[in-house]
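Asks: File upload.pdb below, PDB, C-alpha atoms:
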```pdb
ATOM      1  CA  MET A  18    -150.897 116.325 -18.038
ATOM      2  CA  THR A  19    -153.555 113.699 -17.382
ATOM      3  CA  ALA A  20    -152.700 111.417 -14.481
ATOM      4  CA  THR A  21    -152.505 107.696 -15.161
ATOM      5  CA  PRO A  22    -155.330 105.861 -13.353
ATOM      6  CA  GLY A  23    -154.184 103.873 -10.340
ATOM      7  CA  LEU A  24    -154.631 100.127  -9.899
ATOM      8  CA  ARG A  25    -157.887 100.496  -7.955
ATOM      9  CA  GLU A  26    -159.367 102.757 -10.627
ATOM     10  CA  ARG A  27    -158.283 100.396 -13.419
ATOM     11  CA  LYS A  28    -159.881  97.441 -11.636
ATOM     12  CA  LYS A  29    -163.126  99.373 -11.199
ATOM     13  CA  ARG A  30    -163.103 100.293 -14.886
ATOM     14  CA  ARG A  31    -162.547  96.662 -15.926
ATOM     15  CA  THR A  32    -165.396  95.511 -13.685
ATOM     16  CA  ARG A  33    -167.718  98.141 -15.126
ATOM     17  CA  GLU A  34    -166.762  97.175 -18.679
ATOM     18  CA  SER A  35    -167.207  93.471 -17.890
ATOM     19  CA  ILE A  36    -170.713  94.041 -16.519
ATOM     20  CA  ALA A  37    -171.703  96.148 -19.514
ATOM     21  CA  ALA A  38    -170.294  93.659 -22.036
ATOM     22  CA  ALA A  39    -172.060  90.717 -20.378
ATOM     23  CA  ALA A  40    -175.338  92.617 -20.243
ATOM     24  CA  HIS A  41    -175.114  93.746 -23.859
ATOM     25  CA  ARG A  42    -174.574  90.164 -25.031
ATOM     26  CA  LEU A  43    -177.631  89.039 -23.075
ATOM     27  CA  PHE A  44    -179.741  91.922 -24.394
ATOM     28  CA  VAL A  45    -178.859  90.905 -27.950
ATOM     29  CA  GLU A  46    -179.350  87.175 -27.403
ATOM     30  CA  HIS A  47    -182.481  87.197 -25.232
ATOM     31  CA  GLY A  48    -183.917  90.704 -25.507
ATOM     32  CA  TYR A  49    -183.620  93.642 -23.152
ATOM     33  CA  HIS A  50    -186.921  93.102 -21.357
ATOM     34  CA  ALA A  51    -186.365  89.361 -20.871
ATOM     35  CA  THR A  52    -182.913  89.854 -19.327
ATOM     36  CA  THR A  53    -182.869  90.250 -15.550
ATOM     37  CA  LEU A  54    -180.263  91.750 -13.274
ATOM     38  CA  PRO A  55    -179.513  88.295 -11.753
ATOM     39  CA  ASP A  56    -178.924  87.055 -15.325
ATOM     40  CA  ILE A  57    -176.411  89.845 -15.852
ATOM     41  CA  ALA A  58    -174.736  89.232 -12.500
ATOM     42  CA  GLU A  59    -174.276  85.542 -13.296
ATOM     43  CA  ALA A  60    -172.902  86.255 -16.778
ATOM     44  CA  ALA A  61    -170.466  88.872 -15.419
ATOM     45  CA  ASP A  62    -169.530  86.703 -12.403
ATOM     46  CA  VAL A  63    -170.459  89.413  -9.910
ATOM     47  CA  SER A  64    -173.241  89.915  -7.395
ATOM     48  CA  THR A  65    -176.370  91.913  -8.142
ATOM     49  CA  ARG A  66    -175.262  94.273  -5.399
ATOM     50  CA  THR A  67    -172.004  94.857  -7.277
ATOM     51  CA  ILE A  68    -173.963  95.827 -10.392
ATOM     52  CA  PHE A  69    -175.706  98.592  -8.443
ATOM     53  CA  ALA A  70    -172.310  99.901  -7.337
ATOM     54  CA  TYR A  71    -171.614 100.709 -11.003
ATOM     55  CA  PHE A  72    -175.028 101.243 -12.601
ATOM     56  CA  PRO A  73    -178.178 102.734 -11.041
ATOM     57  CA  SER A  74    -180.467 100.675 -13.294
ATOM     58  CA  LYS A  75    -180.627  98.135 -16.100
ATOM     59  CA  GLU A  76    -181.347 100.960 -18.537
ATOM     60  CA  ASP A  77    -178.109 102.671 -17.512
ATOM     61  CA  ILE A  78    -176.261  99.488 -18.452
ATOM     62  CA  LEU A  79    -177.973  99.424 -21.826
ATOM     63  CA  PHE A  80    -176.919 103.003 -22.553
ATOM     64  CA  SER A  81    -173.515 102.842 -20.871
ATOM     65  CA  GLY A  82    -171.766 103.480 -24.185
ATOM     66  CA  PHE A  83    -173.916 106.536 -24.811
ATOM     67  CA  ALA A  84    -173.078 107.941 -21.362
ATOM     68  CA  GLU A  85    -169.374 107.593 -22.115
ATOM     69  CA  THR A  86    -169.895 109.325 -25.457
ATOM     70  CA  ILE A  87    -171.630 112.250 -23.740
ATOM     71  CA  ASP A  88    -168.710 112.586 -21.328
ATOM     72  CA  ASP A  89    -166.221 112.539 -24.206
ATOM     73  CA  LEU A  90    -168.220 115.166 -26.099
ATOM     74  CA  ALA A  91    -168.330 117.382 -23.016
ATOM     75  CA  GLN A  92    -164.546 117.132 -22.775
ATOM     76  CA  ALA A  93    -164.121 117.906 -26.479
ATOM     77  CA  LEU A  94    -166.293 121.024 -26.140
ATOM     78  CA  ALA A  95    -164.610 122.157 -22.946
ATOM     79  CA  HIS A  96    -161.131 121.882 -24.445
ATOM     80  CA  ARG A  97    -161.784 123.137 -27.982
ATOM     81  CA  PRO A  98    -159.158 125.565 -29.272
ATOM     82  CA  ALA A  99    -159.994 129.254 -29.302
ATOM     83  CA  GLY A 100    -161.974 130.238 -32.364
ATOM     84  CA  VAL A 101    -163.240 126.723 -33.115
ATOM     85  CA  GLN A 102    -167.020 126.694 -33.371
ATOM     86  CA  THR A 103    -169.246 124.261 -31.474
ATOM     87  CA  LEU A 104    -170.744 122.817 -34.656
ATOM     88  CA  ASP A 105    -167.291 121.981 -36.026
ATOM     89  CA  VAL A 106    -166.327 120.220 -32.801
ATOM     90  CA  VAL A 107    -169.541 118.202 -32.760
ATOM     91  CA  ARG A 108    -169.304 117.236 -36.434
ATOM     92  CA  ASP A 109    -165.699 116.096 -36.102
ATOM     93  CA  PHE A 110    -166.485 114.268 -32.872
ATOM     94  CA  ILE A 111    -169.386 112.334 -34.370
ATOM     95  CA  LEU A 112    -167.566 111.382 -37.557
ATOM     96  CA  SER A 113    -164.350 110.398 -35.808
ATOM     97  CA  GLY A 114    -166.316 108.258 -33.383
ATOM     98  CA  GLN A 115    -168.161 106.502 -36.204
ATOM     99  CA  SER A 116    -164.979 105.923 -38.181
ATOM    100  CA  THR A 117    -163.426 103.851 -35.395
ATOM    101  CA  HIS A 118    -163.996 100.102 -35.422
ATOM    102  CA  LYS A 119    -167.382  98.998 -34.117
ATOM    103  CA  SER A 120    -167.884  95.420 -33.039
ATOM    104  CA  GLU A 121    -170.630  93.180 -34.276
ATOM    105  CA  LEU A 122    -172.079  93.321 -30.769
ATOM    106  CA  ASP A 123    -172.278  97.116 -30.972
ATOM    107  CA  ALA A 124    -174.191  96.856 -34.244
ATOM    108  CA  GLN A 125    -176.565  94.235 -32.854
ATOM    109  CA  LEU A 126    -177.191  96.295 -29.715
ATOM    110  CA  TYR A 127    -178.034  99.304 -31.871
ATOM    111  CA  VAL A 128    -180.665  97.239 -33.676
ATOM    112  CA  CYS A 129    -181.953  95.929 -30.333
ATOM    113  CA  ILE A 130    -182.546  99.513 -29.168
ATOM    114  CA  THR A 131    -183.971 100.979 -32.352
ATOM    115  CA  ASP A 132    -186.290  98.040 -33.034
ATOM    116  CA  ASP A 133    -188.066  98.593 -29.714
ATOM    117  CA  PRO A 134    -190.349 101.667 -29.551
ATOM    118  CA  THR A 135    -189.900 102.002 -25.785
ATOM    119  CA  LEU A 136    -186.116 101.801 -25.936
ATOM    120  CA  ARG A 137    -186.087 104.183 -28.867
ATOM    121  CA  SER A 138    -188.018 106.736 -26.797
ATOM    122  CA  HIS A 139    -185.486 106.275 -24.017
ATOM    123  CA  LEU A 140    -182.733 106.915 -26.548
ATOM    124  CA  ARG A 141    -184.439 110.188 -27.457
ATOM    125  CA  ALA A 142    -184.399 111.173 -23.794
ATOM    126  CA  ARG A 143    -180.694 110.421 -23.634
ATOM    127  CA  ILE A 144    -180.042 112.493 -26.746
ATOM    128  CA  ALA A 145    -181.831 115.397 -25.060
ATOM    129  CA  GLN A 146    -179.042 115.440 -22.474
ATOM    130  CA  ILE A 147    -176.694 116.702 -25.187
ATOM    131  CA  GLU A 148    -178.450 120.070 -24.984
ATOM    132  CA  ASP A 149    -177.029 120.636 -21.490
ATOM    133  CA  TYR A 150    -173.504 120.497 -22.908
ATOM    134  CA  VAL A 151    -174.083 122.145 -26.256
ATOM    135  CA  ALA A 152    -176.018 125.172 -24.972
ATOM    136  CA  PRO A 153    -173.105 126.742 -23.017
ATOM    137  CA  ALA A 154    -170.788 126.271 -25.997
ATOM    138  CA  ILE A 155    -173.352 127.825 -28.364
ATOM    139  CA  ALA A 156    -173.759 130.753 -25.951
ATOM    140  CA  ASP A 157    -170.001 131.266 -26.108
ATOM    141  CA  ASP A 158    -170.060 131.175 -29.925
ATOM    142  CA  LEU A 159    -172.830 133.771 -30.032
ATOM    143  CA  GLY A 160    -171.406 135.908 -27.253
ATOM    144  CA  LEU A 161    -174.714 135.644 -25.410
ATOM    145  CA  PRO A 162    -175.842 134.626 -21.921
ATOM    146  CA  LEU A 163    -176.854 130.999 -21.512
ATOM    147  CA  ASP A 164    -180.453 132.006 -20.793
ATOM    148  CA  ASP A 165    -180.776 134.160 -23.922
ATOM    149  CA  PRO A 166    -183.612 132.731 -26.059
ATOM    150  CA  ARG A 167    -181.358 132.666 -29.124
ATOM    151  CA  THR A 168    -178.940 130.345 -27.351
ATOM    152  CA  GLN A 169    -181.791 128.094 -26.279
ATOM    153  CA  LEU A 170    -183.255 128.113 -29.783
ATOM    154  CA  VAL A 171    -180.042 126.843 -31.380
ATOM    155  CA  ALA A 172    -179.497 124.213 -28.686
ATOM    156  CA  ALA A 173    -183.080 122.960 -29.039
ATOM    157  CA  ALA A 174    -182.768 122.846 -32.839
ATOM    158  CA  PHE A 175    -179.540 120.920 -32.455
ATOM    159  CA  THR A 176    -181.179 118.292 -30.245
ATOM    160  CA  ALA A 177    -184.191 118.027 -32.568
ATOM    161  CA  ALA A 178    -181.893 117.465 -35.540
ATOM    162  CA  PHE A 179    -180.082 114.613 -33.844
ATOM    163  CA  ASN A 180    -183.301 113.023 -32.711
ATOM    164  CA  LEU A 181    -184.332 113.079 -36.368
ATOM    165  CA  LEU A 182    -181.101 111.313 -37.319
ATOM    166  CA  ALA A 183    -181.751 108.706 -34.638
ATOM    167  CA  ASP A 184    -185.266 108.163 -35.975
ATOM    168  CA  ARG A 185    -183.930 107.734 -39.498
ATOM    169  CA  GLY A 186    -181.360 105.287 -38.201
ATOM    170  CA  ALA A 187    -184.111 103.302 -36.529
ATOM    171  CA  SER A 188    -185.479 102.398 -39.956
ATOM    172  CA  LYS A 189    -182.184 100.753 -40.924
ATOM    173  CA  SER A 190    -181.221  97.184 -40.161
ATOM    174  CA  ARG A 191    -177.706  98.297 -39.170
ATOM    175  CA  PRO A 192    -175.908 101.436 -37.989
ATOM    176  CA  TYR A 193    -174.811 104.048 -40.505
ATOM    177  CA  THR A 194    -171.452 103.541 -42.171
ATOM    178  CA  PRO A 195    -169.084 106.524 -41.753
ATOM    179  CA  GLU A 196    -169.875 107.601 -45.327
ATOM    180  CA  GLU A 197    -173.630 107.348 -44.798
ATOM    181  CA  LEU A 198    -173.429 109.261 -41.541
ATOM    182  CA  GLU A 199    -171.395 112.049 -43.149
ATOM    183  CA  ALA A 200    -174.031 112.373 -45.864
ATOM    184  CA  GLN A 201    -176.712 112.604 -43.169
ATOM    185  CA  ILE A 202    -174.928 114.945 -40.788
ATOM    186  CA  ASP A 203    -173.470 117.554 -43.151
ATOM    187  CA  PRO A 204    -176.833 119.019 -44.268
ATOM    188  CA  VAL A 205    -177.829 119.271 -40.605
ATOM    189  CA  ILE A 206    -174.617 121.077 -39.719
ATOM    190  CA  ARG A 207    -175.027 123.475 -42.656
ATOM    191  CA  PHE A 208    -178.594 124.262 -41.571
ATOM    192  CA  LEU A 209    -177.578 124.877 -37.970
ATOM    193  CA  ARG A 210    -174.565 126.924 -38.994
ATOM    194  CA  ALA A 211    -176.787 129.195 -41.098
ATOM    195  CA  GLY A 212    -179.066 129.607 -38.093
ATOM    196  CA  VAL A 213    -176.163 130.510 -35.820
ATOM    197  CA  ASP A 214    -174.844 133.053 -38.330
ATOM    198  CA  ALA A 215    -178.296 134.617 -38.695
ATOM    199  CA  LEU A 216    -178.823 134.831 -34.942
ATOM    200  CA  LYS A 217    -175.501 136.579 -34.461
ATOM    201  CA  GLN A 218    -177.045 139.487 -36.352
ATOM    202  CA  ALA A 219    -180.548 139.237 -34.914
ATOM    203  CA  ALA A 220    -182.054 141.345 -32.190
ATOM    204  CA  PRO A 221    -182.787 139.586 -28.888
ATOM    205  CA  VAL A 222    -185.938 137.504 -28.928
ATOM    206  CA  ALA A 223    -188.612 139.057 -26.708
TER     207      ALA A 223
END
```
Using structure tokens, write down the structure that the file contains.
Replies:
Amino acid sequence: MTATPGLRERKKRRTRESIAAAAHRLFVEHGYHATTLPDIAEAADVSTRTIFAYFPSKEDILFSGFAETIDDLAQALAHRPAGVQTLDVVRDFILSGQSTHKSELDAQLYVCITDDPTLRSHLRARIAQIEDYVAPAIADDLGLPLDDPRTQLVAAAFTAAFNLLADRGASKSRPYTPEELEAQIDPVIRFLRAGVDALKQAAPVA
């Protein structure tokens, strides 16, 4: 059973969420690069020092939602039922996350990130972090050590595929709808699944 967070933890969570929400509004209204940490502190009614207690950098505030998503995905992979494949967990996780309500601010922040080449490259770096969580699960699916080249090959292909989706999304003026995302993600999952099935039968890569 998961313990209910105590009062102190709930207050810290609300402060973190308040800082992120204030920063995201400013990023959308004034631009990421034009927004300073003192601007964010004033909007969130906290000190700049308090911001650093929750976020190492302004970029970490920008991608705070992505960091939470990574943590949730890691939990979903760690607690998947026996026999459930990594690709199924990831597909369901992505689609269920996209099918929940997204605010107008979320949509505007997405455009803010993908319209900026520098921020888009930073997004790619964040996506690369997924490999650290997917690789162990893929190794388990294949019955291989984590350092086996076949495991690394699938994990790298997985990350490349999702970077491609992010690049395609960057050309849109809004985030994908759940239906659009499903149409984009299912061919990727089928491709990766075929690769996993083939590698289960393949000899170790020299």
Asks: Identify, on the basis of all atoms listed in the file, every residue whose closest approach to Ile78 in chain A does not exceed 12 Å; exclude the query and any residue fewer than 2 positions from it along the same chain; express the result as a PyMOL selection string.
Replies: chain A and resi 33-44+49+52-54+57-58+68-76+80-85+126
Asks: Which residues are near range 215-219 of chain A? Cut-off 7 Å, only C-alpha atoms, ignore same chain within fewer than 3 positions. Put them as a VMD selection string.
Replies: chain A and resid 159 167 211 to 212
Asks: Looking at all atoms listed in the file, which of A:Val107, A:Val101, A:Asp123, A:Thr131 is the one that sits closest to Asp157 in chain A?
Replies: A:Val101
Asks: Residues picked by the PyMOL selection byres ((chain A and resi 95-99) around 12) here, as a list of chain:residue names?
Replies: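 After applying the PyMOL selection byres ((chain A and resi 95-99) around 12), what remains is A:Asp88, A:Asp89, A:Leu90, A:Ala91, A:Gln92, A:Ala93, A:Leu94, A:Gly100, A:Val101, A:Gln102, A:Thr103, A:Leu104, A:Asp105, A:Val106, A:Val107, A:Asp109, A:Phe110, A:Tyr150, A:Val151, A:Ala152, A:Pro153, A:Ala154, A:Ile155, A:Asp157, A:Asp158.
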Asks: Write a file of the just-selected residues containing C-alpha atoms, as an mmCIF file, keeping the file's coordinate frame.
Replies:
```
data_model
loop_
_atom_site.group_PDB
_atom_site.id
_atom_site.type_symbol
_atom_site.label_atom_id
_atom_site.label_comp_id
_atom_site.auth_asym_id
_atom_site.auth_seq_id
_atom_site.Cartn_x
_atom_site.Cartn_y
_atom_site.Cartn_z
ATOM 1 C CA ASP A 88 -168.710 112.586 -21.328
ATOM 2 C CA ASP A 89 -166.221 112.539 -24.206
ATOM 3 C CA LEU A 90 -168.220 115.166 -26.099
ATOM 4 C CA ALA A 91 -168.330 117.382 -23.016
ATOM 5 C CA GLN A 92 -164.546 117.132 -22.775
ATOM 6 C CA ALA A 93 -164.121 117.906 -26.479
ATOM 7 C CA LEU A 94 -166.293 121.024 -26.140
ATOM 8 C CA GLY A 100 -161.974 130.238 -32.364
ATOM 9 C CA VAL A 101 -163.240 126.723 -33.115
ATOM 10 C CA GLN A 102 -167.020 126.694 -33.371
ATOM 11 C CA THR A 103 -169.246 124.261 -31.474
ATOM 12 C CA LEU A 104 -170.744 122.817 -34.656
ATOM 13 C CA ASP A 105 -167.291 121.981 -36.026
ATOM 14 C CA VAL A 106 -166.327 120.220 -32.801
ATOM 15 C CA VAL A 107 -169.541 118.202 -32.760
ATOM 16 C CA ASP A 109 -165.699 116.096 -36.102
ATOM 17 C CA PHE A 110 -166.485 114.268 -32.872
ATOM 18 C CA TYR A 150 -173.504 120.497 -22.908
ATOM 19 C CA VAL A 151 -174.083 122.145 -26.256
ATOM 20 C CA ALA A 152 -176.018 125.172 -24.972
ATOM 21 C CA PRO A 153 -173.105 126.742 -23.017
ATOM 22 C CA ALA A 154 -170.788 126.271 -25.997
ATOM 23 C CA ILE A 155 -173.352 127.825 -28.364
ATOM 24 C CA ASP A 157 -170.001 131.266 -26.108
ATOM 25 C CA ASP A 158 -170.060 131.175 -29.925
#
```
Asks: Carefully work through the PyMOL selection byres ((chain A and resi 172-179) around 8) for this structure and note down the residues it includes, as a PyMOL selection string.
Replies: chain A and resi 144-145+147-148+151-152+155+168-171+180-183+205+209
Asks: From the list A:Glu46, A:Glu197, A:Asp203, A:Asp77, which residue is nearest Arg185 in chain A when using only C-alpha atoms?
Replies: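 Closest candidate: A:Glu197.
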Asks: How far is it from CA of Tyr127 in chain A to CA of Arg207 in chain A, in Å with one decimal?
Replies: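 Going from CA of Tyr127 in chain A over to CA of Arg207 in chain A, I get 26.6 Å.
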Asks: Mind pulling up the distance from CA of Val63 in chain A to CA of His47 in chain A?
Replies: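 Distance between the two atoms: 19.6 Å.
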Asks: Nearest residue to Ala200 in chain A out of A:Pro55, A:Arg108, A:Leu161, A:Gly23, using all atoms listed in the file?
Replies: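 Of the candidates, the smallest distance to Ala200 in chain A is held by A:Arg108.
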Asks: Calculated over all atoms listed in the file, which of the candidates A:Ile111, A:Asp149, A:Arg137, A:Leu24 has the smallest distance to Asp164 in chain A?
Replies: A:Asp149
Asks: Quick one, how far is CA of Ser120 in chain A from CA of Arg66 in chain A?
Replies: 28.6 Å
Asks: Any chance you could model N, CA and C atoms for range 121-148 of chain A and send them as a short mmCIF file (atom, residue, chain, number, x, y, z; two decimals), keeping the file's coordinate frame?
Replies:
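part.cif written:
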```cif
data_model
loop_
_atom_site.label_atom_id
_atom_site.label_comp_id
_atom_site.auth_asym_id
_atom_site.auth_seq_id
_atom_site.Cartn_x
_atom_site.Cartn_y
_atom_site.Cartn_z
N GLU A 121 -169.35 93.73 -33.86
CA GLU A 121 -170.63 93.18 -34.28
C GLU A 121 -171.65 93.31 -33.15
N LEU A 122 -171.18 93.17 -31.91
CA LEU A 122 -172.08 93.32 -30.77
C LEU A 122 -172.63 94.73 -30.70
N ASP A 123 -171.81 95.73 -30.96
CA ASP A 123 -172.28 97.12 -30.97
C ASP A 123 -173.40 97.29 -31.99
N ALA A 124 -173.18 96.73 -33.18
CA ALA A 124 -174.19 96.86 -34.24
C ALA A 124 -175.49 96.16 -33.85
N GLN A 125 -175.38 94.98 -33.25
CA GLN A 125 -176.56 94.24 -32.85
C GLN A 125 -177.30 94.95 -31.72
N LEU A 126 -176.56 95.57 -30.81
CA LEU A 126 -177.19 96.30 -29.72
C LEU A 126 -177.94 97.51 -30.24
N TYR A 127 -177.37 98.16 -31.24
CA TYR A 127 -178.03 99.30 -31.87
C TYR A 127 -179.39 98.87 -32.44
N VAL A 128 -179.41 97.75 -33.11
CA VAL A 128 -180.66 97.24 -33.68
C VAL A 128 -181.64 96.88 -32.56
N CYS A 129 -181.12 96.29 -31.49
CA CYS A 129 -181.95 95.93 -30.33
C CYS A 129 -182.67 97.16 -29.78
N ILE A 130 -181.97 98.27 -29.71
CA ILE A 130 -182.55 99.51 -29.17
C ILE A 130 -183.55 100.12 -30.14
N THR A 131 -183.13 100.25 -31.40
CA THR A 131 -183.97 100.98 -32.35
C THR A 131 -185.16 100.17 -32.84
N ASP A 132 -185.14 98.87 -32.66
CA ASP A 132 -186.29 98.04 -33.03
C ASP A 132 -187.41 98.08 -31.99
N ASP A 133 -187.10 98.58 -30.82
CA ASP A 133 -188.07 98.59 -29.71
C ASP A 133 -188.55 100.02 -29.50
N PRO A 134 -189.85 100.29 -29.69
CA PRO A 134 -190.35 101.67 -29.55
C PRO A 134 -190.06 102.29 -28.18
N THR A 135 -190.16 101.49 -27.13
CA THR A 135 -189.90 102.00 -25.78
C THR A 135 -188.44 102.39 -25.62
N LEU A 136 -187.55 101.51 -26.05
CA LEU A 136 -186.12 101.80 -25.94
C LEU A 136 -185.73 102.97 -26.83
N ARG A 137 -186.39 103.07 -27.97
CA ARG A 137 -186.09 104.18 -28.87
C ARG A 137 -186.49 105.51 -28.22
N SER A 138 -187.61 105.51 -27.49
CA SER A 138 -188.02 106.74 -26.80
C SER A 138 -187.04 107.07 -25.69
N HIS A 139 -186.49 106.04 -25.05
CA HIS A 139 -185.49 106.28 -24.02
C HIS A 139 -184.20 106.83 -24.64
N LEU A 140 -183.89 106.37 -25.84
CA LEU A 140 -182.73 106.92 -26.55
C LEU A 140 -182.93 108.40 -26.82
N ARG A 141 -184.14 108.78 -27.21
CA ARG A 141 -184.44 110.19 -27.46
C ARG A 141 -184.22 111.01 -26.18
N ALA A 142 -184.61 110.47 -25.06
CA ALA A 142 -184.40 111.17 -23.79
C ALA A 142 -182.91 111.33 -23.49
N ARG A 143 -182.15 110.33 -23.85
CA ARG A 143 -180.69 110.42 -23.63
C ARG A 143 -180.09 111.47 -24.56
N ILE A 144 -180.55 111.50 -25.80
CA ILE A 144 -180.04 112.49 -26.75
C ILE A 144 -180.33 113.90 -26.24
N ALA A 145 -181.47 114.08 -25.58
CA ALA A 145 -181.83 115.40 -25.06
C ALA A 145 -180.80 115.92 -24.06
N GLN A 146 -180.06 115.02 -23.43
CA GLN A 146 -179.04 115.44 -22.47
C GLN A 146 -177.92 116.22 -23.15
N ILE A 147 -177.74 116.00 -24.46
CA ILE A 147 -176.69 116.70 -25.19
C ILE A 147 -176.89 118.21 -25.08
N GLU A 148 -178.15 118.64 -25.02
CA GLU A 148 -178.45 120.07 -24.98
C GLU A 148 -177.77 120.76 -23.80
#
```
